[in-house]
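Source file: run.cif (mmCIF, C-alpha atoms)
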```cif
data_my_file
loop_
_atom_site.group_PDB
_atom_site.id
_atom_site.type_symbol
_atom_site.label_atom_id
_atom_site.label_comp_id
_atom_site.auth_asym_id
_atom_site.auth_seq_id
_atom_site.Cartn_x
_atom_site.Cartn_y
_atom_site.Cartn_z
ATOM 1 C CA MET A 1 5.512 13.952 1.310
ATOM 2 C CA ARG A 2 4.994 13.642 5.076
ATOM 3 C CA ILE A 3 7.216 11.175 6.925
ATOM 4 C CA ALA A 4 6.960 10.173 10.593
ATOM 5 C CA ILE A 5 9.623 8.549 12.757
ATOM 6 C CA CYS A 6 8.412 6.945 15.977
ATOM 7 C CA ASP A 7 11.039 5.591 18.373
ATOM 8 C CA ASP A 8 11.423 6.110 22.112
ATOM 9 C CA GLU A 9 15.209 6.306 21.750
ATOM 10 C CA CYS A 10 16.320 9.785 20.702
ATOM 11 C CA THR A 11 19.619 8.551 19.229
ATOM 12 C CA PHE A 12 17.879 6.254 16.755
ATOM 13 C CA ARG A 13 15.336 8.924 15.795
ATOM 14 C CA GLU A 14 18.097 11.394 15.021
ATOM 15 C CA LYS A 15 20.141 8.867 13.060
ATOM 16 C CA LEU A 16 17.149 7.793 10.990
ATOM 17 C CA SER A 17 16.083 11.380 10.329
ATOM 18 C CA LYS A 18 19.592 12.251 9.156
ATOM 19 C CA ALA A 19 19.659 9.245 6.793
ATOM 20 C CA ILE A 20 16.279 10.198 5.296
ATOM 21 C CA LYS A 21 17.412 13.785 4.707
ATOM 22 C CA THR A 22 20.426 12.602 2.708
ATOM 23 C CA TYR A 23 18.244 10.641 0.271
ATOM 24 C CA GLY A 24 18.764 12.272 -3.112
ATOM 25 C CA GLU A 25 15.141 11.870 -4.319
ATOM 26 C CA LEU A 26 13.557 13.358 -1.187
ATOM 27 C CA PRO A 27 11.140 16.119 -2.280
ATOM 28 C CA ALA A 28 12.297 19.603 -1.304
ATOM 29 C CA ASP A 29 9.064 20.244 0.603
ATOM 30 C CA ALA A 30 9.094 16.926 2.482
ATOM 31 C CA ILE A 31 8.224 17.107 6.175
ATOM 32 C CA ILE A 32 9.793 14.766 8.723
ATOM 33 C CA ASP A 33 8.187 14.615 12.182
ATOM 34 C CA GLU A 34 9.573 12.691 15.147
ATOM 35 C CA PHE A 35 7.619 10.997 17.928
ATOM 36 C CA SER A 36 8.842 9.326 21.101
ATOM 37 C CA ASP A 37 5.683 7.269 21.742
ATOM 38 C CA GLY A 38 2.989 5.507 19.750
ATOM 39 C CA GLN A 39 0.001 7.367 21.190
ATOM 40 C CA SER A 40 1.227 10.793 20.084
ATOM 41 C CA LEU A 41 1.942 9.368 16.606
ATOM 42 C CA VAL A 42 -1.595 7.969 16.316
ATOM 43 C CA GLU A 43 -3.152 11.286 17.383
ATOM 44 C CA ALA A 44 -0.988 13.303 14.968
ATOM 45 C CA HIS A 45 -1.792 10.911 12.110
ATOM 46 C CA LYS A 46 -5.531 11.275 12.741
ATOM 47 C CA GLU A 47 -5.227 15.062 12.554
ATOM 48 C CA LYS A 48 -2.982 15.197 9.465
ATOM 49 C CA PRO A 49 -2.035 11.842 7.898
ATOM 50 C CA PHE A 50 1.520 10.867 7.030
ATOM 51 C CA ASN A 51 2.448 9.114 3.792
ATOM 52 C CA THR A 52 5.190 6.948 5.321
ATOM 53 C CA ILE A 53 5.804 5.926 8.938
ATOM 54 C CA PHE A 54 9.015 4.445 10.352
ATOM 55 C CA LEU A 55 7.737 2.673 13.462
ATOM 56 C CA ASP A 56 9.880 1.122 16.174
ATOM 57 C CA ILE A 57 8.389 -2.131 17.459
ATOM 58 C CA GLU A 58 9.756 -2.138 20.998
ATOM 59 C CA MET A 59 8.708 0.990 22.887
ATOM 60 C CA SER A 60 8.014 1.261 26.600
ATOM 61 C CA GLU A 61 4.508 2.807 26.683
ATOM 62 C CA MET A 62 2.873 1.515 23.517
ATOM 63 C CA SER A 63 4.486 -1.017 21.198
ATOM 64 C CA GLY A 64 4.848 -0.372 17.491
ATOM 65 C CA MET A 65 2.456 -3.247 16.816
ATOM 66 C CA GLU A 66 -0.223 -1.622 18.984
ATOM 67 C CA ALA A 67 0.270 1.791 17.381
ATOM 68 C CA GLY A 68 0.242 0.244 13.910
ATOM 69 C CA ALA A 69 -2.968 -1.666 14.656
ATOM 70 C CA MET A 70 -4.676 1.539 15.827
ATOM 71 C CA ILE A 71 -3.599 3.380 12.671
ATOM 72 C CA ARG A 72 -4.784 0.559 10.399
ATOM 73 C CA ARG A 73 -8.294 0.893 11.838
ATOM 74 C CA PHE A 74 -8.718 4.190 10.003
ATOM 75 C CA ASP A 75 -5.960 4.253 7.371
ATOM 76 C CA ARG A 76 -5.255 1.357 5.044
ATOM 77 C CA GLU A 77 -2.973 3.211 2.658
ATOM 78 C CA VAL A 78 -0.220 4.680 4.844
ATOM 79 C CA ILE A 79 3.114 2.945 4.272
ATOM 80 C CA ILE A 80 4.401 1.438 7.535
ATOM 81 C CA ILE A 81 8.051 0.443 7.808
ATOM 82 C CA LEU A 82 8.871 -1.375 11.031
ATOM 83 C CA VAL A 83 12.141 -0.687 12.817
ATOM 84 C CA THR A 84 13.431 -3.483 15.016
ATOM 85 C CA GLY A 85 16.485 -5.190 16.391
ATOM 86 C CA HIS A 86 14.816 -8.606 16.137
ATOM 87 C CA GLU A 87 13.262 -10.463 13.209
ATOM 88 C CA SER A 88 11.058 -12.550 15.507
ATOM 89 C CA PHE A 89 8.216 -10.020 15.111
ATOM 90 C CA MET A 90 7.874 -10.614 11.376
ATOM 91 C CA LYS A 91 4.909 -12.991 11.645
ATOM 92 C CA ASP A 92 2.795 -10.538 13.657
ATOM 93 C CA SER A 93 3.647 -7.718 11.242
ATOM 94 C CA PHE A 94 1.244 -9.131 8.639
ATOM 95 C CA LYS A 95 -1.640 -8.080 10.903
ATOM 96 C CA ILE A 96 -0.849 -4.412 10.307
ATOM 97 C CA GLU A 97 0.113 -4.803 6.626
ATOM 98 C CA VAL A 98 3.729 -3.767 7.017
ATOM 99 C CA PHE A 99 5.458 -2.539 3.862
ATOM 100 C CA ASP A 100 9.008 -3.462 4.933
ATOM 101 C CA PHE A 101 11.452 -3.953 7.799
ATOM 102 C CA ILE A 102 14.700 -2.259 8.699
ATOM 103 C CA THR A 103 16.835 -3.677 11.475
ATOM 104 C CA LYS A 104 18.986 -1.862 14.015
ATOM 105 C CA PRO A 105 21.707 -0.837 13.598
ATOM 106 C CA TYR A 106 20.737 0.315 10.118
ATOM 107 C CA GLU A 107 22.865 1.746 7.353
ATOM 108 C CA GLU A 108 22.148 4.854 5.296
ATOM 109 C CA LEU A 109 22.005 2.853 2.054
ATOM 110 C CA GLU A 110 19.358 0.549 3.552
ATOM 111 C CA ILE A 111 17.189 3.578 4.390
ATOM 112 C CA HIS A 112 17.575 4.989 0.882
ATOM 113 C CA GLU A 113 16.584 1.685 -0.723
ATOM 114 C CA VAL A 114 13.408 1.327 1.317
ATOM 115 C CA LEU A 115 12.511 4.991 0.682
ATOM 116 C CA GLU A 116 12.835 4.462 -3.060
ATOM 117 C CA ARG A 117 10.358 1.594 -2.905
ATOM 118 C CA ALA A 118 8.052 3.495 -0.540
ATOM 119 C CA PHE A 119 7.943 6.561 -2.799
ATOM 120 C CA ARG A 120 7.169 4.370 -5.815
ATOM 121 C CA LYS A 121 4.359 2.722 -3.883
ATOM 122 C CA HIS A 122 3.037 6.129 -2.804
ATOM 123 C CA GLN A 123 2.893 7.314 -6.423
ATOM 124 C CA ASP A 124 1.068 4.157 -7.476
ATOM 125 C CA LEU A 125 -1.489 4.536 -4.683
ATOM 126 C CA HIS A 126 -2.391 8.045 -5.796
ATOM 127 C CA TYR A 127 -2.732 7.504 -9.551
ATOM 128 C CA ILE A 128 -6.119 8.897 -10.674
ATOM 129 C CA VAL A 129 -8.495 7.074 -13.037
ATOM 130 C CA GLU A 130 -11.292 9.076 -14.641
ATOM 131 C CA LEU A 131 -14.559 7.431 -15.662
ATOM 132 C CA ASN A 132 -17.048 9.411 -17.780
ATOM 133 C CA TRP A 133 -20.728 8.458 -17.717
ATOM 134 C CA LYS A 134 -23.738 10.462 -18.917
ATOM 135 C CA GLY A 135 -21.947 13.803 -18.611
ATOM 136 C CA ASN A 136 -20.503 13.065 -15.163
ATOM 137 C CA THR A 137 -16.889 12.269 -14.365
ATOM 138 C CA ALA A 138 -15.803 10.082 -11.444
ATOM 139 C CA SER A 139 -12.158 10.580 -10.435
ATOM 140 C CA LEU A 140 -10.966 7.523 -8.536
ATOM 141 C CA LYS A 141 -7.629 6.756 -6.987
ATOM 142 C CA ALA A 142 -6.387 3.491 -8.462
ATOM 143 C CA SER A 143 -5.881 2.227 -4.926
ATOM 144 C CA GLU A 144 -9.636 2.607 -4.247
ATOM 145 C CA ILE A 145 -10.629 0.286 -7.079
ATOM 146 C CA ILE A 146 -11.048 -3.336 -6.001
ATOM 147 C CA TYR A 147 -11.727 -4.695 -9.487
ATOM 148 C CA ILE A 148 -13.010 -3.695 -12.906
ATOM 149 C CA MET A 149 -15.399 -5.813 -14.955
ATOM 150 C CA ILE A 150 -17.276 -5.712 -18.215
ATOM 151 C CA GLU A 151 -21.059 -5.998 -17.815
ATOM 152 C CA ASP A 152 -23.674 -5.487 -20.555
ATOM 153 C CA ARG A 153 -21.054 -3.697 -22.674
ATOM 154 C CA HIS A 154 -20.297 -1.295 -19.845
ATOM 155 C CA ILE A 155 -17.128 -0.919 -17.818
ATOM 156 C CA VAL A 156 -17.848 -1.199 -14.085
ATOM 157 C CA ALA A 157 -15.193 -0.109 -11.573
ATOM 158 C CA VAL A 158 -16.025 -1.453 -8.110
ATOM 159 C CA THR A 159 -14.873 0.352 -4.956
ATOM 160 C CA GLU A 160 -15.655 -0.418 -1.322
ATOM 161 C CA ASP A 161 -19.026 1.321 -1.337
ATOM 162 C CA LYS A 162 -20.027 1.933 -4.948
ATOM 163 C CA GLU A 163 -20.023 0.788 -8.565
ATOM 164 C CA HIS A 164 -18.858 3.337 -11.144
ATOM 165 C CA ARG A 165 -19.940 2.830 -14.768
ATOM 166 C CA CYS A 166 -18.682 4.137 -18.082
ATOM 167 C CA LEU A 167 -18.462 3.161 -21.725
ATOM 168 C CA GLY A 168 -15.220 1.668 -22.926
ATOM 169 C CA LYS A 169 -13.207 -1.451 -23.494
ATOM 170 C CA LEU A 170 -11.592 -3.626 -20.858
ATOM 171 C CA ASP A 171 -8.463 -3.813 -23.021
ATOM 172 C CA TYR A 172 -7.944 -0.075 -22.518
ATOM 173 C CA TYR A 173 -8.089 -0.302 -18.707
ATOM 174 C CA GLU A 174 -5.903 -3.401 -18.695
ATOM 175 C CA LYS A 175 -3.173 -1.469 -20.506
ATOM 176 C CA LEU A 176 -3.724 1.695 -18.451
ATOM 177 C CA LEU A 177 -3.549 0.036 -15.034
ATOM 178 C CA SER A 178 -1.132 -2.852 -15.502
ATOM 179 C CA LYS A 179 1.797 -0.814 -14.131
ATOM 180 C CA TYR A 180 -0.217 0.169 -11.046
ATOM 181 C CA GLY A 181 -0.703 -3.311 -9.662
ATOM 182 C CA PHE A 182 -3.716 -4.487 -11.679
ATOM 183 C CA PHE A 183 -3.965 -7.769 -13.575
ATOM 184 C CA ARG A 184 -6.518 -9.171 -16.006
ATOM 185 C CA CYS A 185 -7.160 -12.606 -14.564
ATOM 186 C CA HIS A 186 -10.192 -13.357 -16.738
ATOM 187 C CA LYS A 187 -11.608 -12.053 -20.018
ATOM 188 C CA SER A 188 -14.220 -10.141 -17.991
ATOM 189 C CA TYR A 189 -12.226 -9.048 -14.930
ATOM 190 C CA ILE A 190 -9.229 -6.925 -13.959
ATOM 191 C CA VAL A 191 -8.273 -7.160 -10.273
ATOM 192 C CA ASN A 192 -6.264 -4.874 -8.009
ATOM 193 C CA LEU A 193 -3.519 -7.178 -6.703
ATOM 194 C CA ASP A 194 -3.333 -5.150 -3.493
ATOM 195 C CA MET A 195 -7.000 -5.945 -2.792
ATOM 196 C CA ILE A 196 -6.559 -9.718 -2.874
ATOM 197 C CA ARG A 197 -7.377 -11.432 0.411
ATOM 198 C CA SER A 198 -6.562 -14.971 -0.697
ATOM 199 C CA VAL A 199 -5.794 -17.160 -3.700
ATOM 200 C CA LYS A 200 -6.790 -20.825 -3.635
ATOM 201 C CA GLY A 201 -6.428 -22.837 -6.791
ATOM 202 C CA LYS A 202 -8.195 -20.799 -9.452
ATOM 203 C CA ILE A 203 -10.253 -18.752 -6.977
ATOM 204 C CA ILE A 204 -9.422 -15.175 -5.935
ATOM 205 C CA THR A 205 -11.152 -13.678 -2.897
ATOM 206 C CA LEU A 206 -10.998 -9.889 -2.785
ATOM 207 C CA SER A 207 -11.157 -7.453 0.141
ATOM 208 C CA ASN A 208 -14.933 -6.955 -0.256
ATOM 209 C CA ASN A 209 -15.432 -10.772 -0.291
ATOM 210 C CA THR A 210 -16.093 -10.865 -4.030
ATOM 211 C CA VAL A 211 -14.939 -14.185 -5.509
ATOM 212 C CA ILE A 212 -13.476 -14.229 -9.013
ATOM 213 C CA ASN A 213 -12.266 -17.154 -11.099
ATOM 214 C CA ILE A 214 -8.866 -17.119 -12.774
ATOM 215 C CA SER A 215 -8.981 -18.283 -16.396
ATOM 216 C CA GLN A 216 -7.013 -21.466 -16.936
ATOM 217 C CA SER A 217 -5.025 -19.744 -19.670
ATOM 218 C CA LYS A 218 -4.146 -16.883 -17.280
ATOM 219 C CA LYS A 219 -3.361 -18.887 -14.145
ATOM 220 C CA ASN A 220 0.424 -19.194 -14.460
ATOM 221 C CA GLU A 221 0.811 -15.614 -15.671
ATOM 222 C CA PHE A 222 -1.384 -14.361 -12.822
ATOM 223 C CA LEU A 223 0.540 -16.294 -10.152
ATOM 224 C CA GLY A 224 3.793 -14.909 -11.519
ATOM 225 C CA ALA A 225 2.465 -11.332 -11.511
ATOM 226 C CA TYR A 226 1.047 -11.701 -8.003
ATOM 227 C CA SER A 227 4.319 -13.142 -6.653
ATOM 228 C CA GLU A 228 6.224 -10.272 -8.253
ATOM 229 C CA PHE A 229 3.804 -7.759 -6.711
ATOM 230 C CA ILE A 230 4.218 -9.301 -3.265
ATOM 231 C CA ALA A 231 8.013 -9.226 -3.587
ATOM 232 C CA LYS A 232 7.949 -5.593 -4.756
ATOM 233 C CA TYR A 233 5.506 -4.096 -2.279
ATOM 234 C CA ARG A 234 5.185 -6.444 0.678
ATOM 235 C CA ILE A 235 7.403 -8.595 2.843
#
```

Before anything else, please render the file you have as structure tokens.
Amino acid sequence: MRIAICDDECTFREKLSKAIKTYGELPADAIIDEFSDGQSLVEAHKEKPFNTIFLDIEMSEMSGMEAGAMIRRFDREVIIILVTGHESFMKDSFKIEVFDFITKPYEELEIHEVLERAFRKHQDLHYIVELNWKGNTASLKASEIIYIMIEDRHIVAVTEDKEHRCLGKLDYYEKLLSKYGFFRCHKSYIVNLDMIRSVKGKIITLSNNTVINISQSKKNEFLGAYSEFIAKYRI
């Protein structure tokens, strides 16, 4: 677990670092790095990515929003937690897919609660799914899979740049992936809730622009699951 703290005020960096270190579930080999400006954070993250970043919004040289936007250009998975003294930035935070907010002055318990959620999200992102096809095995992170469908009696797992096939039943993958943010919205489709770009009526648009219909019988259950996912993992 690699954690970064980026804040141009040394006092807040030290206080936040101390609060993180007192979290009971922090792995023994966790690394916590501190940065006083956004540019140095971006460069360090390019060289060796962090899992979680605590990012102050208001910094003198480069704002947290600017640093976050630069990081999102090459890393969609890193968990970004914004640190701010004002809630007025919340609307803009959606542009960099912020995981959560903490407000100054923050309490130790608040840090521990957000870390618990962040660690759970990190584990979910790195769950591995294995697909066997004609003697070859594809090992995919669950977070890479946009959706899974059944086609000509084959299971097809679709990622950003490829389709991965195997033999199997959709019921099996529905059960396997339901606790990792996947939902069966149709008899032929399981979608990654984190890959949804929009939901309008009974139409889901995914991150790769694929459009999938929600079954009428699944609509209410899907909307409930998606709302719960948003509440659990996003603002």

To one decimal in Å, tell me the separation between atom CA of A:Arg13 and atom CA of A:Asn51. 17.6 Å

Name the residues captured by the PyMOL selection byres ((chain A and resi 147) around 8) when it is applied to the shown file; answer as JSON, numbers by chain. {"A": [145, 146, 148, 149, 157, 158, 159, 189, 190, 191, 192]}

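Atom pair atom CA of A:Ala19 / atom CA of A:Phe35: separated by 16.5 Å.
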
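Computed from the coordinates, the atom CA of A:His154 to atom CA of A:Gly168 distance equals 6.6 Å.
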
Specify as a list in words each residue included when the PyMOL selection byres ((chain A and resi 199) around 10) is applied to this file.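 Output of the PyMOL selection byres ((chain A and resi 199) around 10): Ile196, Arg197, Ser198, Lys200, Gly201, Lys202, Ile203, Ile204, Thr205, Leu206, Val211, Ile212, Asn213, Ile214, Leu223 and Tyr226 of chain A.
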
Can you build me a table of stretch 155-181 of chain A residues sitting at most 8 Å from stretch 130-140 of chain A, with the closest atom pair per residue and its distance in Å to one decimal, using only C-alpha atoms, sorted by chain and residue number, as a tab-separated table?
```
residue	atom	partner	partner_atom	distance
A:His164	CA	A:Ala138	CA	7.4
A:Arg165	CA	A:Trp133	CA	6.4
A:Cys166	CA	A:Trp133	CA	4.8
A:Leu167	CA	A:Trp133	CA	7.0
```

Considering all atoms listed in the file, can you say which of A:Ser143, A:Asn209, A:Ile80, A:Ser60 comes closest to A:Leu193?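 Using all atoms listed in the file, the shortest distance to A:Leu193 belongs to A:Ser143.
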
For the structure shown, which residues end up in the PyMOL selection byres ((chain A and resi 177) around 10)? Put them as a PDB file with C-alpha atoms, in the coordinates of the input, please?
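Heads up, here's the output in result_7.pdb:
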```
ATOM      1  CA  ASP A 124       1.068   4.157  -7.476  1.00  0.00           C
ATOM      2  CA  TYR A 127      -2.732   7.504  -9.551  1.00  0.00           C
ATOM      3  CA  VAL A 129      -8.495   7.074 -13.037  1.00  0.00           C
ATOM      4  CA  ALA A 142      -6.387   3.491  -8.462  1.00  0.00           C
ATOM      5  CA  TYR A 172      -7.944  -0.075 -22.518  1.00  0.00           C
ATOM      6  CA  TYR A 173      -8.089  -0.302 -18.707  1.00  0.00           C
ATOM      7  CA  GLU A 174      -5.903  -3.401 -18.695  1.00  0.00           C
ATOM      8  CA  LYS A 175      -3.173  -1.469 -20.506  1.00  0.00           C
ATOM      9  CA  LEU A 176      -3.724   1.695 -18.451  1.00  0.00           C
ATOM     10  CA  SER A 178      -1.132  -2.852 -15.502  1.00  0.00           C
ATOM     11  CA  LYS A 179       1.797  -0.814 -14.131  1.00  0.00           C
ATOM     12  CA  TYR A 180      -0.217   0.169 -11.046  1.00  0.00           C
ATOM     13  CA  GLY A 181      -0.703  -3.311  -9.662  1.00  0.00           C
ATOM     14  CA  PHE A 182      -3.716  -4.487 -11.679  1.00  0.00           C
ATOM     15  CA  PHE A 183      -3.965  -7.769 -13.575  1.00  0.00           C
ATOM     16  CA  ARG A 184      -6.518  -9.171 -16.006  1.00  0.00           C
ATOM     17  CA  ILE A 190      -9.229  -6.925 -13.959  1.00  0.00           C
ATOM     18  CA  VAL A 191      -8.273  -7.160 -10.273  1.00  0.00           C
ATOM     19  CA  ASN A 192      -6.264  -4.874  -8.009  1.00  0.00           C
TER      20      ASN A 192
END
```
